[in-house]
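Shown here: upload-v3.txt, compact mmCIF, N, CA and C atoms.
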```
# COMPACT_ATOMS: atom_id res chain seq x y z
N MET A 698 -80.90 -41.27 69.32
CA MET A 698 -79.84 -40.49 68.72
C MET A 698 -80.47 -39.46 67.79
N ARG A 699 -80.03 -38.24 67.91
CA ARG A 699 -80.55 -37.14 67.10
C ARG A 699 -79.65 -36.92 65.89
N THR A 700 -80.21 -36.78 64.73
CA THR A 700 -79.43 -36.53 63.53
C THR A 700 -79.82 -35.19 62.94
N LEU A 701 -78.92 -34.62 62.18
CA LEU A 701 -79.16 -33.34 61.54
C LEU A 701 -79.44 -33.59 60.08
N SER A 702 -80.50 -33.00 59.59
CA SER A 702 -80.84 -33.10 58.18
C SER A 702 -80.84 -31.70 57.58
N ILE A 703 -80.07 -31.52 56.51
CA ILE A 703 -80.02 -30.20 55.91
C ILE A 703 -81.15 -30.01 54.92
N GLY A 704 -81.80 -31.08 54.51
CA GLY A 704 -82.94 -30.98 53.60
C GLY A 704 -82.53 -30.54 52.21
N LYS A 705 -83.52 -30.47 51.34
CA LYS A 705 -83.27 -30.12 49.94
C LYS A 705 -82.74 -28.70 49.79
N THR A 706 -83.34 -27.75 50.48
CA THR A 706 -82.92 -26.36 50.38
C THR A 706 -81.50 -26.18 50.90
N GLY A 707 -81.21 -26.80 52.03
CA GLY A 707 -79.86 -26.71 52.59
C GLY A 707 -78.83 -27.34 51.66
N GLY A 708 -79.18 -28.46 51.06
CA GLY A 708 -78.26 -29.12 50.12
C GLY A 708 -78.00 -28.25 48.90
N ILE A 709 -79.02 -27.61 48.40
CA ILE A 709 -78.85 -26.71 47.26
C ILE A 709 -77.97 -25.53 47.64
N ALA A 710 -78.18 -24.98 48.84
CA ALA A 710 -77.38 -23.85 49.30
C ALA A 710 -75.90 -24.24 49.43
N LEU A 711 -75.65 -25.41 50.01
CA LEU A 711 -74.26 -25.86 50.16
C LEU A 711 -73.62 -26.09 48.79
N GLY A 712 -74.38 -26.67 47.88
CA GLY A 712 -73.88 -26.90 46.53
C GLY A 712 -73.55 -25.60 45.83
N CYS A 713 -74.41 -24.59 45.98
CA CYS A 713 -74.17 -23.28 45.37
C CYS A 713 -72.92 -22.63 45.95
N MET A 714 -72.73 -22.74 47.28
CA MET A 714 -71.55 -22.17 47.91
C MET A 714 -70.29 -22.83 47.35
N PHE A 715 -70.32 -24.15 47.18
CA PHE A 715 -69.17 -24.85 46.63
C PHE A 715 -68.88 -24.37 45.22
N LEU A 716 -69.91 -24.26 44.39
CA LEU A 716 -69.72 -23.84 43.00
C LEU A 716 -69.20 -22.40 42.92
N ILE A 717 -69.71 -21.52 43.77
CA ILE A 717 -69.24 -20.14 43.78
C ILE A 717 -67.77 -20.09 44.17
N ASN A 718 -67.41 -20.84 45.20
CA ASN A 718 -66.01 -20.88 45.62
C ASN A 718 -65.12 -21.41 44.50
N ALA A 719 -65.56 -22.47 43.85
CA ALA A 719 -64.76 -23.05 42.77
C ALA A 719 -64.65 -22.09 41.60
N ALA A 720 -65.75 -21.43 41.25
CA ALA A 720 -65.75 -20.53 40.09
C ALA A 720 -64.94 -19.27 40.34
N THR A 721 -64.87 -18.82 41.59
CA THR A 721 -64.14 -17.58 41.89
C THR A 721 -62.72 -17.84 42.35
N GLY A 722 -62.34 -19.10 42.42
CA GLY A 722 -60.97 -19.41 42.84
C GLY A 722 -60.75 -19.31 44.32
N LEU A 723 -61.80 -19.31 45.12
CA LEU A 723 -61.63 -19.20 46.57
C LEU A 723 -61.21 -20.51 47.21
N THR A 724 -61.41 -21.61 46.51
CA THR A 724 -60.94 -22.88 47.05
C THR A 724 -59.43 -22.94 46.87
N GLN A 725 -58.74 -23.53 47.80
CA GLN A 725 -57.29 -23.57 47.73
C GLN A 725 -56.82 -24.93 47.26
N SER A 726 -55.80 -24.91 46.44
CA SER A 726 -55.18 -26.13 45.97
C SER A 726 -54.58 -26.86 47.16
N ILE A 727 -54.83 -28.16 47.25
CA ILE A 727 -54.30 -28.93 48.37
C ILE A 727 -52.78 -28.95 48.33
N ASP A 728 -52.19 -29.02 47.12
CA ASP A 728 -50.74 -29.08 47.03
C ASP A 728 -50.09 -27.71 47.05
N GLY A 729 -50.86 -26.66 46.94
CA GLY A 729 -50.34 -25.31 47.06
C GLY A 729 -49.74 -24.71 45.81
N LYS A 730 -49.70 -25.46 44.70
CA LYS A 730 -49.04 -24.95 43.49
C LYS A 730 -49.66 -23.66 42.97
N THR A 731 -50.95 -23.48 43.19
CA THR A 731 -51.61 -22.28 42.67
C THR A 731 -51.71 -21.15 43.68
N LEU A 732 -51.29 -21.38 44.91
CA LEU A 732 -51.37 -20.33 45.93
C LEU A 732 -50.28 -19.29 45.69
N LYS A 733 -50.63 -18.05 45.89
CA LYS A 733 -49.69 -16.95 45.78
C LYS A 733 -49.48 -16.33 47.15
N ASN A 734 -48.28 -15.86 47.41
CA ASN A 734 -47.97 -15.23 48.68
C ASN A 734 -48.62 -13.85 48.72
N PRO A 735 -49.53 -13.61 49.67
CA PRO A 735 -50.19 -12.31 49.74
C PRO A 735 -49.33 -11.22 50.40
N ALA A 736 -48.23 -11.62 51.02
CA ALA A 736 -47.38 -10.65 51.73
C ALA A 736 -46.08 -10.41 50.97
N LYS A 737 -45.78 -9.15 50.75
CA LYS A 737 -44.50 -8.80 50.13
C LYS A 737 -43.40 -8.95 51.17
N SER A 738 -42.21 -9.27 50.71
CA SER A 738 -41.07 -9.37 51.60
C SER A 738 -40.59 -7.97 51.95
N THR A 739 -40.86 -7.58 53.17
CA THR A 739 -40.44 -6.28 53.68
C THR A 739 -39.80 -6.51 55.05
N PRO A 740 -39.08 -5.55 55.57
CA PRO A 740 -38.54 -5.72 56.92
C PRO A 740 -39.64 -6.04 57.95
N GLN A 741 -40.81 -5.43 57.76
CA GLN A 741 -41.91 -5.66 58.70
C GLN A 741 -42.45 -7.09 58.57
N SER A 742 -42.60 -7.60 57.34
CA SER A 742 -43.13 -8.96 57.18
C SER A 742 -42.11 -9.99 57.66
N ILE A 743 -40.83 -9.71 57.46
CA ILE A 743 -39.78 -10.62 57.94
C ILE A 743 -39.78 -10.65 59.47
N GLU A 744 -39.92 -9.49 60.08
CA GLU A 744 -39.98 -9.43 61.55
C GLU A 744 -41.20 -10.18 62.08
N ALA A 745 -42.34 -10.02 61.42
CA ALA A 745 -43.55 -10.73 61.83
C ALA A 745 -43.35 -12.24 61.69
N GLY A 746 -42.70 -12.66 60.61
CA GLY A 746 -42.42 -14.08 60.42
C GLY A 746 -41.49 -14.63 61.48
N GLN A 747 -40.50 -13.84 61.87
CA GLN A 747 -39.58 -14.25 62.93
C GLN A 747 -40.31 -14.44 64.25
N LYS A 748 -41.24 -13.55 64.55
CA LYS A 748 -42.01 -13.68 65.78
C LYS A 748 -42.86 -14.94 65.77
N ILE A 749 -43.48 -15.22 64.63
CA ILE A 749 -44.30 -16.43 64.51
C ILE A 749 -43.42 -17.67 64.64
N TYR A 750 -42.25 -17.65 64.02
CA TYR A 750 -41.33 -18.79 64.13
C TYR A 750 -40.94 -19.02 65.58
N GLN A 751 -40.61 -17.95 66.30
CA GLN A 751 -40.21 -18.07 67.71
C GLN A 751 -41.32 -18.73 68.53
N THR A 752 -42.54 -18.34 68.27
CA THR A 752 -43.67 -18.85 69.04
C THR A 752 -44.10 -20.25 68.62
N SER A 753 -44.22 -20.47 67.31
CA SER A 753 -44.85 -21.68 66.81
C SER A 753 -43.89 -22.77 66.34
N CYS A 754 -42.67 -22.40 65.99
CA CYS A 754 -41.77 -23.37 65.36
C CYS A 754 -40.58 -23.77 66.22
N VAL A 755 -40.05 -22.84 67.01
CA VAL A 755 -38.87 -23.11 67.82
C VAL A 755 -39.05 -24.31 68.74
N PRO A 756 -40.21 -24.52 69.36
CA PRO A 756 -40.31 -25.67 70.26
C PRO A 756 -39.92 -27.00 69.60
N CYS A 757 -40.21 -27.16 68.32
CA CYS A 757 -39.85 -28.41 67.64
C CYS A 757 -38.60 -28.27 66.78
N HIS A 758 -38.53 -27.23 65.96
CA HIS A 758 -37.44 -27.10 65.00
C HIS A 758 -36.19 -26.45 65.61
N GLY A 759 -36.32 -25.81 66.75
CA GLY A 759 -35.18 -25.18 67.41
C GLY A 759 -34.91 -23.79 66.88
N ALA A 760 -34.15 -23.02 67.63
CA ALA A 760 -33.85 -21.63 67.28
C ALA A 760 -33.10 -21.53 65.96
N SER A 761 -32.28 -22.52 65.65
CA SER A 761 -31.50 -22.48 64.41
C SER A 761 -32.14 -23.32 63.30
N GLY A 762 -33.29 -23.94 63.57
CA GLY A 762 -34.01 -24.69 62.54
C GLY A 762 -33.49 -26.08 62.26
N LYS A 763 -32.66 -26.62 63.13
CA LYS A 763 -32.05 -27.92 62.88
C LYS A 763 -32.90 -29.10 63.35
N GLY A 764 -34.10 -28.84 63.86
CA GLY A 764 -34.95 -29.93 64.34
C GLY A 764 -34.60 -30.38 65.74
N ASP A 765 -33.97 -29.50 66.49
CA ASP A 765 -33.48 -29.85 67.83
C ASP A 765 -34.11 -28.98 68.92
N GLY A 766 -35.38 -28.68 68.76
CA GLY A 766 -36.07 -27.84 69.73
C GLY A 766 -36.23 -28.51 71.08
N PRO A 767 -36.62 -27.76 72.09
CA PRO A 767 -36.69 -28.28 73.46
C PRO A 767 -37.71 -29.39 73.68
N VAL A 768 -38.70 -29.53 72.83
CA VAL A 768 -39.70 -30.59 73.05
C VAL A 768 -39.39 -31.88 72.29
N VAL A 769 -38.34 -31.89 71.50
CA VAL A 769 -38.02 -33.05 70.67
C VAL A 769 -37.76 -34.29 71.51
N ALA A 770 -37.09 -34.15 72.62
CA ALA A 770 -36.76 -35.31 73.46
C ALA A 770 -38.01 -36.04 73.93
N SER A 771 -39.10 -35.33 74.11
CA SER A 771 -40.33 -35.96 74.60
C SER A 771 -41.25 -36.43 73.47
N MET A 772 -40.86 -36.20 72.23
CA MET A 772 -41.71 -36.57 71.09
C MET A 772 -41.58 -38.06 70.79
N LYS A 773 -42.71 -38.67 70.46
CA LYS A 773 -42.72 -40.06 70.03
C LYS A 773 -43.04 -40.06 68.54
N GLY A 774 -42.41 -40.92 67.80
CA GLY A 774 -42.69 -40.98 66.37
C GLY A 774 -41.79 -40.06 65.58
N ALA A 775 -42.33 -39.49 64.52
CA ALA A 775 -41.56 -38.65 63.60
C ALA A 775 -40.99 -37.44 64.31
N LYS A 776 -39.77 -37.13 63.98
CA LYS A 776 -39.09 -35.96 64.55
C LYS A 776 -39.19 -34.79 63.57
N PRO A 777 -39.07 -33.56 64.05
CA PRO A 777 -39.12 -32.39 63.18
C PRO A 777 -37.97 -32.40 62.17
N SER A 778 -38.24 -31.89 61.01
CA SER A 778 -37.20 -31.86 59.98
C SER A 778 -36.18 -30.76 60.26
N ASP A 779 -34.99 -30.96 59.70
CA ASP A 779 -33.93 -29.97 59.77
C ASP A 779 -34.18 -28.99 58.63
N LEU A 780 -34.58 -27.78 58.97
CA LEU A 780 -34.92 -26.78 57.96
C LEU A 780 -33.69 -26.16 57.31
N THR A 781 -32.49 -26.53 57.79
CA THR A 781 -31.26 -25.94 57.26
C THR A 781 -30.53 -26.88 56.31
N ASP A 782 -31.02 -28.11 56.16
CA ASP A 782 -30.30 -29.03 55.29
C ASP A 782 -30.45 -28.63 53.82
N ASP A 783 -29.65 -29.23 52.96
CA ASP A 783 -29.63 -28.87 51.54
C ASP A 783 -30.79 -29.45 50.76
N LYS A 784 -31.52 -30.39 51.33
CA LYS A 784 -32.58 -31.09 50.60
C LYS A 784 -33.95 -30.65 51.12
N TRP A 785 -34.79 -30.13 50.22
CA TRP A 785 -36.15 -29.72 50.57
C TRP A 785 -37.09 -30.41 49.60
N GLU A 786 -37.92 -31.28 50.09
CA GLU A 786 -38.78 -32.08 49.23
C GLU A 786 -40.25 -31.67 49.30
N HIS A 787 -40.53 -30.45 49.69
CA HIS A 787 -41.91 -30.04 49.88
C HIS A 787 -42.33 -28.93 48.94
N GLY A 788 -41.71 -28.86 47.78
CA GLY A 788 -42.06 -27.83 46.80
C GLY A 788 -41.11 -26.66 46.87
N SER A 789 -41.18 -25.82 45.84
CA SER A 789 -40.26 -24.70 45.79
C SER A 789 -40.96 -23.34 45.75
N THR A 790 -42.26 -23.34 45.50
CA THR A 790 -42.97 -22.07 45.47
C THR A 790 -43.45 -21.70 46.87
N ASP A 791 -43.76 -20.43 47.06
CA ASP A 791 -44.31 -19.99 48.35
C ASP A 791 -45.56 -20.79 48.70
N GLY A 792 -46.43 -21.01 47.71
CA GLY A 792 -47.67 -21.74 47.95
C GLY A 792 -47.43 -23.17 48.37
N GLU A 793 -46.48 -23.86 47.74
CA GLU A 793 -46.17 -25.24 48.10
C GLU A 793 -45.58 -25.33 49.50
N ILE A 794 -44.72 -24.38 49.84
CA ILE A 794 -44.13 -24.36 51.18
C ILE A 794 -45.22 -24.08 52.22
N PHE A 795 -46.11 -23.12 51.91
CA PHE A 795 -47.22 -22.84 52.81
C PHE A 795 -48.08 -24.08 53.02
N ALA A 796 -48.40 -24.80 51.93
CA ALA A 796 -49.24 -26.00 52.04
C ALA A 796 -48.55 -27.07 52.87
N ALA A 797 -47.23 -27.22 52.72
CA ALA A 797 -46.50 -28.20 53.50
C ALA A 797 -46.58 -27.89 54.99
N VAL A 798 -46.42 -26.61 55.34
CA VAL A 798 -46.49 -26.20 56.75
C VAL A 798 -47.93 -26.34 57.25
N ARG A 799 -48.90 -25.89 56.45
CA ARG A 799 -50.31 -25.96 56.83
C ARG A 799 -50.76 -27.39 57.07
N ASN A 800 -50.35 -28.29 56.21
CA ASN A 800 -50.80 -29.68 56.29
C ASN A 800 -50.00 -30.49 57.28
```

Just give me the structure as structure tokens.
Amino acid sequence: MRTLSIGKTGGIALGCMFLINAATGLTQSIDGKTLKNPAKSTPQSIEAGQKIYQTSCVPCHGASGKGDGPVVASMKGAKPSDLTDDKWEHGSTDGEIFAAVRN
């Protein structure tokens, strides 16, 4: 079995990269509380979001967001959430919502 060794120099380089990322804020909060939305809400960004939703979200969440997409019947285990209900437990900021979707 072949193993990879990064050695002392490689370890120092990785450590420096981590510290630089941490010091410059390039690391992202896992919970998303510190993330800021880089896109302003414009007609163009809303249209782009709609296109992404159609492609990536409709299969599970459905066209109206109720969690009734075309692949739900074949899913085993947890079902997609209803995005239109009154209860949202995944944060209220853009960053928290992004982290919930990302994770």

In Å to one decimal, how far is atom CA of Thr790 of chain A from atom CA of Cys757 of chain A? 23.3 Å

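Residues with any atom within 9 Å of segment 733-747 of chain A, counting only C-alpha atoms and excluding same-chain neighbours fewer than 5 positions away, are A:Thr752, A:Thr790, A:Asp791, A:Gly792, A:Phe795.
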
DSSP on the backbone, alpha helix (DSSP H) only: what residues of segment 718-800 of chain A does that give? Format it as a PyMOL selection string. chain A and resi 718-721+740-749+755-758+791-799

What does the structure give for the distance between atom CA of Pro756 of chain A and atom CA of Trp785 of chain A, in Å to one decimal?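 For atom CA of Pro756 of chain A relative to atom CA of Trp785 of chain A, the distance reads 20.5 Å.
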
Proximity to Thr781 of chain A - best of A:Val769, A:Ile794, A:Lys730, A:Lys763, all atoms listed in the file: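 Of the candidates, the smallest distance to Thr781 of chain A is held by A:Lys763.
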
Record the distance separating atom N of Ala760 of chain A and atom CA of Asp783 of chain A, expressed in Å with one decimal.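 Atom-to-atom, atom N of Ala760 of chain A and atom CA of Asp783 of chain A are spaced 17.7 Å apart.
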
Neighbouring residues of His758 of chain A were defined as those with any atom within 8 Å, considering all atoms listed in the file; residues of the same chain fewer than 2 positions away were excluded. Please report them as a list in words.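 Counting all atoms listed in the file, the residues come to Ser753, Cys754, Val755, Pro756, Ala760, Ser761, Gly762, Lys763, Gly764, Asp765, Gly766, Pro767, Val768, Val769, Lys776, Pro777, Ser778, Asp779 and Leu780 of chain A.
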